[in-house]
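The data block below is entry-v8.txt; it holds compact mmCIF, C-alpha atoms and all ligand atoms.
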```
# COMPACT_ATOMS: atom_id res chain seq x y z
CA MET P 1341 -78.23 291.60 143.79
CA ALA P 1342 -80.68 294.50 143.50
CA THR P 1343 -82.46 295.04 140.18
CA ASP P 1344 -79.99 297.79 139.11
CA GLY P 1345 -77.12 295.41 139.59
CA SER P 1346 -75.69 296.99 142.74
CA PRO P 1347 -74.87 294.60 145.56
CA SER P 1348 -77.79 294.44 148.02
CA LEU P 1349 -77.40 294.34 151.75
CA PRO P 1350 -79.53 292.13 153.94
CA PHE P 1351 -82.14 294.19 155.79
CA LEU P 1352 -80.68 293.33 159.19
CA PHE P 1353 -77.26 294.73 158.44
CA TYR P 1354 -75.23 295.88 161.44
CA THR P 1355 -72.86 298.82 161.02
CA MET P 1356 -71.82 298.44 164.69
CA HIS P 1357 -72.47 302.14 165.27
CA ASN P 1358 -74.64 303.02 168.21
CA HIS P 1359 -77.81 304.64 166.92
CA LEU P 1360 -79.56 304.71 170.28
CA MET P 1361 -80.40 308.07 171.78
CA PRO P 1362 -78.09 308.26 174.76
CA THR P 1363 -80.80 308.57 177.41
CA TYR P 1364 -79.22 305.95 179.68
CA ALA P 1365 -75.82 305.75 181.34
CA ARG P 1366 -75.41 302.06 180.66
CA LEU P 1367 -73.06 299.67 182.39
CA PRO P 1368 -70.63 297.80 180.13
CA VAL P 1369 -72.37 294.44 180.15
CA ARG P 1370 -74.85 292.68 177.86
CA PHE P 1371 -77.00 289.89 179.18
CA GLU P 1372 -77.99 287.17 176.79
CA ARG P 1373 -80.14 284.85 178.84
CA GLY P 1374 -81.54 284.31 182.28
CA ARG P 1375 -82.98 281.64 184.51
CA GLY P 1376 -84.51 282.30 187.91
CA PRO P 1377 -82.36 284.90 189.69
CA TRP P 1378 -79.38 284.29 187.38
CA LEU P 1379 -78.25 286.11 184.24
CA TRP P 1380 -75.52 285.19 181.77
CA ASP P 1381 -73.55 287.73 179.74
CA GLU P 1382 -72.26 287.25 176.20
CA ARG P 1383 -69.05 285.65 177.50
CA GLY P 1384 -71.03 283.14 179.50
CA ASP P 1385 -70.27 284.69 182.89
CA ARG P 1386 -73.04 284.26 185.45
CA TYR P 1387 -74.48 287.07 187.60
CA LEU P 1388 -76.86 286.97 190.55
CA ASP P 1389 -79.69 289.42 189.97
CA ALA P 1390 -80.67 291.29 193.14
CA LEU P 1391 -82.49 294.01 191.21
CA SER P 1392 -84.98 292.09 189.01
CA GLY P 1393 -84.88 294.69 186.24
CA ILE P 1394 -85.91 297.23 188.91
CA ALA P 1395 -88.71 295.27 190.59
CA VAL P 1396 -90.03 293.82 187.33
CA CYS P 1397 -88.98 290.17 187.15
CA ASN P 1398 -90.39 289.13 190.52
CA LEU P 1399 -90.69 285.52 189.35
CA GLY P 1400 -87.10 285.55 188.11
CA HIS P 1401 -86.07 285.24 184.49
CA ALA P 1402 -87.61 282.86 181.98
CA HIS P 1403 -90.17 281.44 184.40
CA PRO P 1404 -91.46 278.32 182.60
CA ALA P 1405 -95.14 278.93 183.38
CA VAL P 1406 -95.02 282.53 182.12
CA ALA P 1407 -92.97 281.54 179.06
CA GLU P 1408 -95.43 278.76 178.23
CA ALA P 1409 -98.45 281.07 178.62
CA LEU P 1410 -96.81 283.67 176.37
CA CYS P 1411 -95.89 281.16 173.66
CA GLU P 1412 -99.34 279.64 173.64
CA GLN P 1413 -101.01 283.04 173.51
CA ALA P 1414 -98.70 284.20 170.71
CA ARG P 1415 -99.79 281.19 168.69
CA THR P 1416 -103.45 281.90 169.44
CA LEU P 1417 -104.12 285.66 169.45
CA LEU P 1418 -101.72 288.50 170.20
CA HIS P 1419 -103.88 291.53 169.79
CA VAL P 1420 -107.34 292.79 169.14
CA SER P 1421 -108.50 296.35 169.59
CA ASN P 1422 -110.31 297.54 172.66
CA LEU P 1423 -113.17 298.15 170.23
CA TYR P 1424 -114.08 294.56 171.13
CA ARG P 1425 -114.55 292.60 174.32
CA ILE P 1426 -111.39 290.81 175.46
CA THR P 1427 -112.01 287.84 177.72
CA LEU P 1428 -108.46 287.66 179.10
CA GLN P 1429 -108.53 291.38 179.97
CA GLU P 1430 -111.84 290.93 181.78
CA GLN P 1431 -110.45 287.93 183.67
CA LEU P 1432 -107.36 289.89 184.65
CA ALA P 1433 -109.44 292.85 185.87
CA ASP P 1434 -111.62 290.46 187.84
CA THR P 1435 -108.68 288.66 189.48
CA LEU P 1436 -106.76 291.85 190.23
CA CYS P 1437 -109.74 293.75 191.60
CA THR P 1438 -110.74 290.84 193.81
CA ARG P 1439 -107.21 290.50 195.13
CA ALA P 1440 -106.82 294.27 195.67
CA SER P 1441 -110.35 294.98 196.99
CA MET P 1442 -110.90 297.31 194.03
CA ASP P 1443 -113.88 297.55 191.68
CA THR P 1444 -112.60 298.45 188.21
CA ALA P 1445 -109.35 298.44 186.22
CA PHE P 1446 -107.96 300.33 183.22
CA PHE P 1447 -104.97 298.74 181.50
CA ALA P 1448 -102.03 300.72 180.15
CA ASN P 1449 -98.50 299.74 179.13
CA SER P 1450 -96.23 301.21 181.80
CA GLY P 1451 -96.11 302.75 185.24
CA ALA P 1452 -96.12 306.29 183.91
CA GLU P 1453 -99.19 305.56 181.83
CA ALA P 1454 -100.96 303.93 184.76
CA ASN P 1455 -100.30 307.13 186.73
CA GLU P 1456 -101.45 309.27 183.80
CA ALA P 1457 -104.73 307.39 183.96
CA ALA P 1458 -104.98 308.08 187.70
CA ILE P 1459 -104.22 311.78 187.18
CA LYS P 1460 -106.83 312.07 184.43
CA LEU P 1461 -109.33 310.23 186.61
CA ALA P 1462 -108.72 312.66 189.49
CA ARG P 1463 -109.19 315.67 187.22
CA LEU P 1464 -112.47 314.29 185.85
CA TRP P 1465 -113.56 313.61 189.41
CA GLY P 1466 -112.87 317.26 190.24
CA HIS P 1467 -114.66 318.66 187.21
CA ARG P 1468 -117.72 316.52 187.97
CA ARG P 1469 -117.79 318.29 191.36
CA GLY P 1470 -117.55 321.71 189.81
CA ILE P 1471 -113.84 322.24 190.56
CA GLU P 1472 -112.42 324.01 187.53
CA GLN P 1473 -108.72 323.84 188.41
CA PRO P 1474 -108.40 320.40 190.03
CA THR P 1475 -105.19 320.12 192.02
CA ILE P 1476 -103.36 316.97 193.09
CA ILE P 1477 -101.09 316.89 196.13
CA VAL P 1478 -97.76 315.13 195.51
CA THR P 1479 -94.58 314.78 197.58
CA ASP P 1480 -90.88 315.56 197.62
CA GLY P 1481 -88.66 312.65 196.64
CA SER P 1482 -91.42 310.87 194.76
CA PHE P 1483 -91.11 309.16 191.41
CA HIS P 1484 -94.14 308.71 189.17
CA GLY P 1485 -92.70 308.43 185.67
CA ARG P 1486 -91.30 310.38 182.72
CA THR P 1487 -94.32 311.59 180.76
CA LEU P 1488 -95.01 315.31 181.14
CA ALA P 1489 -97.71 314.96 183.79
CA THR P 1490 -95.90 312.25 185.74
CA LEU P 1491 -92.52 314.01 185.67
CA THR P 1492 -94.34 317.07 187.01
CA ALA P 1493 -95.78 314.91 189.79
CA THR P 1494 -92.29 313.52 190.43
CA GLY P 1495 -90.48 315.21 193.32
CA ASN P 1496 -87.03 315.31 191.74
CA ARG P 1497 -85.80 318.44 189.97
CA ARG P 1498 -83.35 316.43 187.88
CA VAL P 1499 -86.22 314.58 186.25
CA GLN P 1500 -87.96 317.88 185.41
CA ALA P 1501 -85.08 320.17 184.46
CA GLY P 1502 -85.17 321.24 180.83
CA PHE P 1503 -88.72 320.09 180.23
CA GLU P 1504 -90.52 323.20 181.35
CA PRO P 1505 -93.25 324.34 181.04
CA LEU P 1506 -94.45 321.70 183.47
CA VAL P 1507 -98.07 320.69 183.86
CA HIS P 1508 -100.38 322.76 186.07
CA GLY P 1509 -102.44 321.33 188.87
CA PHE P 1510 -99.91 319.82 191.27
CA LEU P 1511 -98.97 320.98 194.77
CA ARG P 1512 -95.93 319.56 196.51
CA VAL P 1513 -95.44 318.76 200.18
CA PRO P 1514 -92.69 316.94 202.08
CA TYR P 1515 -93.11 313.14 202.23
CA ASP P 1516 -94.34 311.61 205.47
CA ASP P 1517 -95.69 314.97 206.65
CA LEU P 1518 -99.42 314.91 207.37
CA ALA P 1519 -99.43 318.40 208.82
CA ALA P 1520 -98.23 319.80 205.48
CA ILE P 1521 -101.20 318.19 203.72
CA GLU P 1522 -103.57 319.51 206.39
CA ALA P 1523 -102.18 323.01 205.93
CA ILE P 1524 -102.92 322.83 202.19
CA ALA P 1525 -106.41 321.59 202.92
CA GLU P 1526 -107.04 324.77 204.90
CA ARG P 1527 -106.00 327.16 202.18
CA THR P 1528 -106.63 325.41 198.84
CA PRO P 1529 -110.22 324.62 197.87
CA ASP P 1530 -109.25 323.03 194.53
CA VAL P 1531 -107.58 319.88 195.84
CA VAL P 1532 -109.11 316.70 194.43
CA ALA P 1533 -106.57 314.01 195.29
CA VAL P 1534 -103.39 313.00 197.07
CA LEU P 1535 -100.93 310.86 195.08
CA VAL P 1536 -98.11 309.13 197.01
CA GLU P 1537 -96.05 305.96 197.03
CA PRO P 1538 -96.66 303.70 200.07
CA ILE P 1539 -92.85 303.43 200.25
CA GLN P 1540 -90.74 305.72 198.10
CA GLY P 1541 -88.64 303.54 195.82
CA GLU P 1542 -86.49 305.81 193.64
CA GLY P 1543 -86.54 308.30 196.53
CA GLY P 1544 -84.38 305.90 198.57
CA VAL P 1545 -86.60 303.15 200.01
CA ARG P 1546 -88.26 305.66 202.32
CA ILE P 1547 -90.79 304.03 204.61
CA PRO P 1548 -93.25 306.53 206.11
CA SER P 1549 -94.35 306.46 209.74
CA PRO P 1550 -97.20 304.03 210.47
CA ASP P 1551 -99.82 306.77 210.80
CA TYR P 1552 -99.02 308.40 207.42
CA LEU P 1553 -101.26 306.42 205.07
CA PRO P 1554 -104.12 306.12 207.60
CA GLY P 1555 -103.82 309.89 208.14
CA ILE P 1556 -104.08 310.53 204.40
CA ARG P 1557 -107.08 308.19 204.27
CA ARG P 1558 -108.80 310.18 207.04
CA LEU P 1559 -108.07 313.53 205.38
CA CYS P 1560 -109.34 312.27 202.02
CA ASP P 1561 -112.54 311.01 203.66
CA ASP P 1562 -113.10 314.31 205.47
CA ARG P 1563 -112.50 316.43 202.38
CA GLY P 1564 -113.92 314.30 199.59
CA TRP P 1565 -110.48 313.84 197.99
CA LEU P 1566 -109.26 310.72 196.27
CA MET P 1567 -106.48 308.79 197.99
CA MET P 1568 -104.31 307.58 195.11
CA LEU P 1569 -101.38 305.23 195.70
CA ASP P 1570 -98.61 304.65 193.20
CA GLU P 1571 -97.91 300.95 193.79
CA VAL P 1572 -95.92 300.56 190.60
CA GLN P 1573 -92.86 299.46 192.59
CA THR P 1574 -94.40 298.35 195.91
CA GLY P 1575 -97.25 296.32 194.41
CA MET P 1576 -97.40 292.66 193.39
CA GLY P 1577 -95.90 291.15 196.52
CA ARG P 1578 -92.68 293.15 196.61
CA THR P 1579 -93.13 294.31 200.21
CA GLY P 1580 -94.33 290.99 201.60
CA ARG P 1581 -98.00 291.84 201.07
CA TRP P 1582 -99.77 291.88 197.75
CA PHE P 1583 -99.90 295.66 197.88
CA GLY P 1584 -97.96 298.14 199.97
CA TRP P 1585 -101.03 299.75 201.49
CA GLU P 1586 -102.03 296.47 203.14
CA HIS P 1587 -99.35 297.01 205.80
CA SER P 1588 -101.28 300.08 206.97
CA GLY P 1589 -104.84 298.93 206.33
CA ALA P 1590 -105.53 302.30 204.65
CA ILE P 1591 -107.20 301.26 201.42
CA PRO P 1592 -106.85 303.78 198.58
CA ASP P 1593 -109.55 304.92 196.15
CA VAL P 1594 -107.17 304.58 193.23
CA MET P 1595 -104.00 302.54 192.91
CA THR P 1596 -101.58 302.03 190.05
CA LEU P 1597 -99.54 298.97 189.15
CA ALA P 1598 -97.01 298.11 186.46
CA LYS P 1599 -93.44 296.75 186.83
CA ALA P 1600 -93.95 293.22 188.22
CA LEU P 1601 -97.49 292.82 186.92
CA GLY P 1602 -96.22 291.25 183.69
CA ASN P 1603 -92.84 289.97 184.95
CA GLY P 1604 -91.20 291.73 181.98
CA VAL P 1605 -94.12 292.00 179.58
CA PRO P 1606 -95.08 295.70 179.42
CA ILE P 1607 -98.34 296.27 181.27
CA GLY P 1608 -99.67 298.88 183.67
CA ALA P 1609 -102.97 299.15 185.48
CA CYS P 1610 -105.00 301.81 187.20
CA LEU P 1611 -107.46 300.30 189.67
CA ALA P 1612 -110.27 302.18 191.37
CA ARG P 1613 -112.83 301.58 194.06
CA GLY P 1614 -116.23 302.97 195.01
CA GLU P 1615 -117.28 306.20 193.32
CA ALA P 1616 -113.82 306.58 191.76
CA ALA P 1617 -114.45 303.32 189.89
CA THR P 1618 -117.28 304.94 187.94
CA ILE P 1619 -115.53 308.12 186.75
CA PHE P 1620 -114.23 306.97 183.37
CA ARG P 1621 -116.89 306.58 180.69
CA PRO P 1622 -116.63 305.50 177.05
CA GLY P 1623 -114.20 307.91 175.41
CA SER P 1624 -112.62 309.18 178.67
CA HIS P 1625 -109.38 307.31 178.15
CA ALA P 1626 -107.90 304.67 175.87
CA SER P 1627 -104.80 302.76 174.85
CA THR P 1628 -104.20 300.79 171.67
CA PHE P 1629 -102.17 298.04 173.32
CA GLY P 1630 -103.60 298.33 176.84
CA GLY P 1631 -104.69 294.97 178.20
CA ASN P 1632 -104.39 293.11 174.89
CA PRO P 1633 -104.66 289.30 174.94
CA LEU P 1634 -100.88 288.76 175.13
CA VAL P 1635 -100.15 290.99 178.12
CA ALA P 1636 -103.34 290.02 179.92
CA ARG P 1637 -102.41 286.36 179.55
CA ALA P 1638 -98.92 287.07 180.89
CA ALA P 1639 -100.26 288.93 183.92
CA LEU P 1640 -102.76 286.15 184.63
CA ALA P 1641 -99.90 283.64 184.53
CA VAL P 1642 -97.92 285.85 186.93
CA LEU P 1643 -100.83 286.03 189.39
CA GLU P 1644 -101.30 282.27 189.18
CA VAL P 1645 -97.62 281.52 189.85
CA MET P 1646 -97.48 284.01 192.73
CA HIS P 1647 -100.43 282.30 194.34
CA ALA P 1648 -99.33 278.73 193.62
CA GLU P 1649 -95.77 279.27 194.85
CA GLY P 1650 -96.76 281.38 197.88
CA LEU P 1651 -94.41 284.13 196.74
CA VAL P 1652 -95.96 286.97 198.73
CA GLU P 1653 -95.40 285.09 201.97
CA ARG P 1654 -91.95 284.14 200.74
CA ALA P 1655 -91.11 287.81 200.13
CA ALA P 1656 -92.16 288.62 203.70
CA ARG P 1657 -90.14 285.78 205.26
CA LEU P 1658 -87.05 286.15 203.10
CA GLY P 1659 -87.18 289.94 203.48
CA GLU P 1660 -87.06 289.65 207.26
CA ARG P 1661 -84.05 287.37 207.03
CA MET P 1662 -82.20 289.55 204.57
CA LEU P 1663 -82.90 292.69 206.59
CA GLY P 1664 -81.64 290.89 209.70
CA GLY P 1665 -78.54 289.67 207.86
CA LEU P 1666 -77.69 293.13 206.59
CA ARG P 1667 -78.21 294.68 210.01
CA GLU P 1668 -76.09 292.04 211.68
CA ARG P 1669 -73.16 292.70 209.37
CA LEU P 1670 -73.48 296.42 208.69
CA ALA P 1671 -75.53 298.25 211.33
CA ASP P 1672 -72.58 299.08 213.60
CA LEU P 1673 -70.27 300.33 210.84
CA PRO P 1674 -69.47 304.04 210.93
CA GLY P 1675 -70.88 305.48 207.71
CA VAL P 1676 -74.03 303.37 207.71
CA VAL P 1677 -76.96 305.69 208.41
CA GLU P 1678 -79.84 303.23 208.34
CA ILE P 1679 -80.74 299.77 207.07
CA ARG P 1680 -84.42 299.52 206.26
CA GLY P 1681 -86.82 297.56 204.19
CA ARG P 1682 -90.13 295.85 203.89
CA GLY P 1683 -90.32 292.45 202.30
CA LEU P 1684 -87.85 292.30 199.44
CA MET P 1685 -87.57 296.07 199.05
CA LEU P 1686 -84.37 296.77 200.93
CA GLY P 1687 -82.16 299.82 201.35
CA VAL P 1688 -78.83 300.48 203.04
CA GLU P 1689 -78.38 304.22 203.47
CA LEU P 1690 -74.80 305.46 203.75
CA ASP P 1691 -73.55 308.88 204.82
CA ARG P 1692 -71.90 309.52 201.45
CA PRO P 1693 -72.56 309.08 197.72
CA CYS P 1694 -71.91 305.46 196.81
CA THR P 1695 -72.95 304.99 193.18
CA VAL P 1696 -69.56 303.34 192.52
CA LEU P 1697 -70.83 300.30 194.43
CA VAL P 1698 -73.00 299.38 191.44
CA GLU P 1699 -69.88 298.79 189.28
CA ARG P 1700 -68.05 297.00 192.06
CA ALA P 1701 -71.01 294.69 192.56
CA LEU P 1702 -71.08 294.04 188.83
CA GLU P 1703 -67.40 293.04 188.99
CA ALA P 1704 -68.39 290.70 191.80
CA ARG P 1705 -71.13 289.30 189.50
CA LEU P 1706 -73.99 290.77 191.49
CA LEU P 1707 -76.65 293.19 190.22
CA ILE P 1708 -77.68 295.88 192.69
CA ASN P 1709 -78.65 299.52 192.41
CA VAL P 1710 -77.93 302.77 194.21
CA THR P 1711 -80.74 305.28 194.40
CA ALA P 1712 -80.94 308.80 195.81
CA GLU P 1713 -77.11 308.70 195.52
CA ARG P 1714 -76.52 307.20 198.95
CA VAL P 1715 -78.91 304.27 199.25
CA VAL P 1716 -77.86 300.80 198.16
CA ARG P 1717 -81.10 299.27 196.96
CA LEU P 1718 -81.92 295.58 196.68
CA LEU P 1719 -85.01 294.34 194.85
CA PRO P 1720 -84.29 290.64 194.38
CA PRO P 1721 -86.79 288.31 192.71
CA LEU P 1722 -89.33 286.75 195.05
CA ILE P 1723 -88.24 283.25 193.98
CA LEU P 1724 -84.73 283.75 195.41
CA ALA P 1725 -83.52 280.65 197.28
CA ASP P 1726 -82.22 280.91 200.85
CA ASP P 1727 -78.59 280.25 199.91
CA GLU P 1728 -78.81 282.78 197.07
CA ALA P 1729 -80.17 285.36 199.52
CA GLU P 1730 -77.22 284.57 201.77
CA LEU P 1731 -74.84 285.17 198.87
CA VAL P 1732 -76.45 288.56 198.18
CA ILE P 1733 -76.10 289.59 201.83
CA GLU P 1734 -72.47 288.40 202.04
CA THR P 1735 -71.44 290.18 198.85
CA VAL P 1736 -73.23 293.45 199.59
CA SER P 1737 -71.88 293.51 203.14
CA ARG P 1738 -68.33 292.94 201.94
CA LEU P 1739 -68.59 295.64 199.26
CA VAL P 1740 -70.10 298.19 201.64
CA THR P 1741 -67.57 297.41 204.37
CA ASP P 1742 -64.61 297.80 202.00
CA PHE P 1743 -66.08 300.99 200.55
CA LEU P 1744 -66.56 302.61 203.94
CA GLN P 1745 -63.03 301.74 205.01
CA GLU P 1746 -61.39 303.54 202.08
C1 LIG N 1801 -90.84 302.73 187.92
C2 LIG N 1801 -91.88 303.59 188.54
C3 LIG N 1801 -92.76 304.36 187.76
C4 LIG N 1801 -92.63 304.48 186.27
O1 LIG N 1801 -92.87 303.30 185.60
P1 LIG N 1801 -92.49 303.19 184.03
O2 LIG N 1801 -93.00 301.83 183.66
O3 LIG N 1801 -91.02 303.35 183.91
O4 LIG N 1801 -93.23 304.28 183.33
C5 LIG N 1801 -93.75 305.06 188.41
N1 LIG N 1801 -93.88 305.03 189.74
C6 LIG N 1801 -93.06 304.30 190.53
C7 LIG N 1801 -93.26 304.28 192.01
C8 LIG N 1801 -92.02 303.57 189.95
O5 LIG N 1801 -91.17 302.89 190.73
```
Take the structure I supplied and represent it as structure tokens, if you would.
Ligand SMILES: *Cc1c(COP(=O)(O)O)cnc(C)c1O
Amino acid sequence: MATDGSPSLPFLFYTMHNHLMPTYARLPVRFERGRGPWLWDERGDRYLDALSGIAVCNLGHAHPAVAEALCEQARTLLHVSNLYRITLQEQLADTLCTRASMDTAFFANSGAEANEAAIKLARLWGHRRGIEQPTIIVTDGSFHGRTLATLTATGNRRVQAGFEPLVHGFLRVPYDDLAAIEAIAERTPDVVAVLVEPIQGEGGVRIPSPDYLPGIRRLCDDRGWLMMLDEVQTGMGRTGRWFGWEHSGAIPDVMTLAKALGNGVPIGACLARGEAATIFRPGSHASTFGGNPLVARAALAVLEVMHAEGLVERAARLGERMLGGLRERLADLPGVVEIRGRGLMLGVELDRPCTVLVERALEARLLINVTAERVVRLLPPLILADDEAELVIETVSRLVTDFLQE
């Protein structure tokens, strides 16, 4: 009873009304627990997860080593301000930079924020060179996040519509089109950087031609621009290499990570190399939570598990097999435009919108995704077992075959 005699309600009192802002079109399922590539809903039904929370849970759900590291860290020290030195953050920067051939890291809490850091870094870089209106080249079909700067950089009108005025200082070119970047170079003196994904994820698993990233590297070297890669989705072993750029050998000046870096714990990173690594100074940028002891510990555990379990190599091997399996079963079907992928980033492009396949897969107890309306996208965890991979291929092939025959 409250002091005035009226009956008191417990603080956690559920009215069963939905008070969430309806920003997501959610599927009618609630998952209660997970283990490896499996999820269980509230009725106890089991689902095979071939999406990993959109390339986040690369080690699967509830990985014991990550869970143990998190619990121990929570009992030791969750957070201190970046006003102080943080050993775990320094260790994470050291490990990541060594692995990625980068020099310095800034830690944020998401992919969008990691890209914000990269965009700010590029602008500072420009101003230091006397460029007053620094301009960043971005591409059609890209996805860089939902903050104002990153949705401006994103090459999808649906992400931008209604949020005008957008941010100045971006120029857009078609993806996988070096000539378009060269043409801009000729007429725009204010360019300071190119920002692209090594493979477009949300844009439909679009893999550029082999000379694209090396071509951007060459242009950036010639012009004094920064080559900035958004590896938020492609990074951390997803494509069968630690980072997507490694397939091309074209090392960026700046790269961003997030998604799988914490296996579900929110963390993003902006890494830089060479001169770009020295642009930020005290006061240039900051984040309250960025790189705190808890998330740094989680990311260190992720890196350790990836190394110990050989998961990058596994992604490469398993990816080849899954791509082969999908091609074997689907490539000759009328309606299938292309089956492509690198590592465990796989896409089946159809000639028609196929978003309905997401619900049908859910009914078949499989989690997949459709992006760019017509591309069935698979981003399974890197710990997927061979027979589980087989099950994914079988189920997806059956669903796509049935759908195309309607
Ligand atoms: C998911 C994604 C982002 C945005 O990450 P958030 O953590 O949602 O802000 C940015 N870039 C790419 C390539 C992504 O796939």
Counting all atoms listed in the file, figure out which residue out of P:Gly1631, P:Gly1614, P:Pro1377, P:Gly1602 gets nearest to ligand LIG 1801 (chain N).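 Checking each candidate against ligand LIG 1801 (chain N), we get P:Gly1602 as the closest.
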Which neighbours of P:Leu1707 fall inside 10 Å, counting all atoms listed in the file, when residues of the same chain fewer than 5 positions from it are skipped, and could you give them as a PyMOL selection string? chain P and resi 1378-1379+1387-1393+1698-1702+1718-1720+1732+1736
Please put the answer as AutoDock Vina command-line options: centre and edge lengths, in Å with one decimal, of a box along x, y and z that encloses all listed atoms of ligand LIG 1801 (chain N) plus 8 Å on each side.
```
--center_x -92.4 --center_y 303.4 --center_z 187.7 --size_x 19.0 --size_y 19.2 --size_z 24.7
```
So which residues are near ligand LIG 1801 (chain N), meaning at most 9 Å away with all atoms listed in the file counted, given back as a ChimeraX atom specification? /P:1394-1396,1449-1455,1482-1487,1490,1494,1536-1542,1569-1574,1596-1599,1606-1608
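Of note, atom CA of P:Leu1666 and atom CA of P:Trp1585 are spaced 24.8 Å apart.
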How far is it from atom CA of P:Val1642 to atom CA of P:Asn1603, in Å with one decimal? 6.8 Å
Mind checking which residues fall within 9 Å of P:Arg1370, counting all atoms listed in the file, ignoring those fewer than 5 positions away in the same chain, and posting them as a PyMOL selection string? chain P and resi 1380-1382
Please identify all polymer residues within 12 Å of P:Gly1675, counting all atoms listed in the file, omitting same-chain residues fewer than 5 positions from it, and present them as a list in words. Leu1670, Val1688, Glu1689, Leu1690, Asp1691, Arg1692, Pro1693, Cys1694, Arg1714, Val1715, Val1740, Thr1741, Asp1742, Phe1743, Leu1744, Gln1745 and Glu1746 of chain P
So the first atom is atom CA of P:Ala1729 and the second is atom CA of P:Gly1650; what is the distance between them in Å, to one decimal place? 17.1 Å
Compare P:Leu1511, P:Leu1684, P:Leu1739, P:Val1635 by their minimum atom-to-atom distance to P:Met1576, counting all atoms listed in the file, and give me the closest one.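 Counting all atoms listed in the file, the residue closest to P:Met1576 is P:Leu1684.
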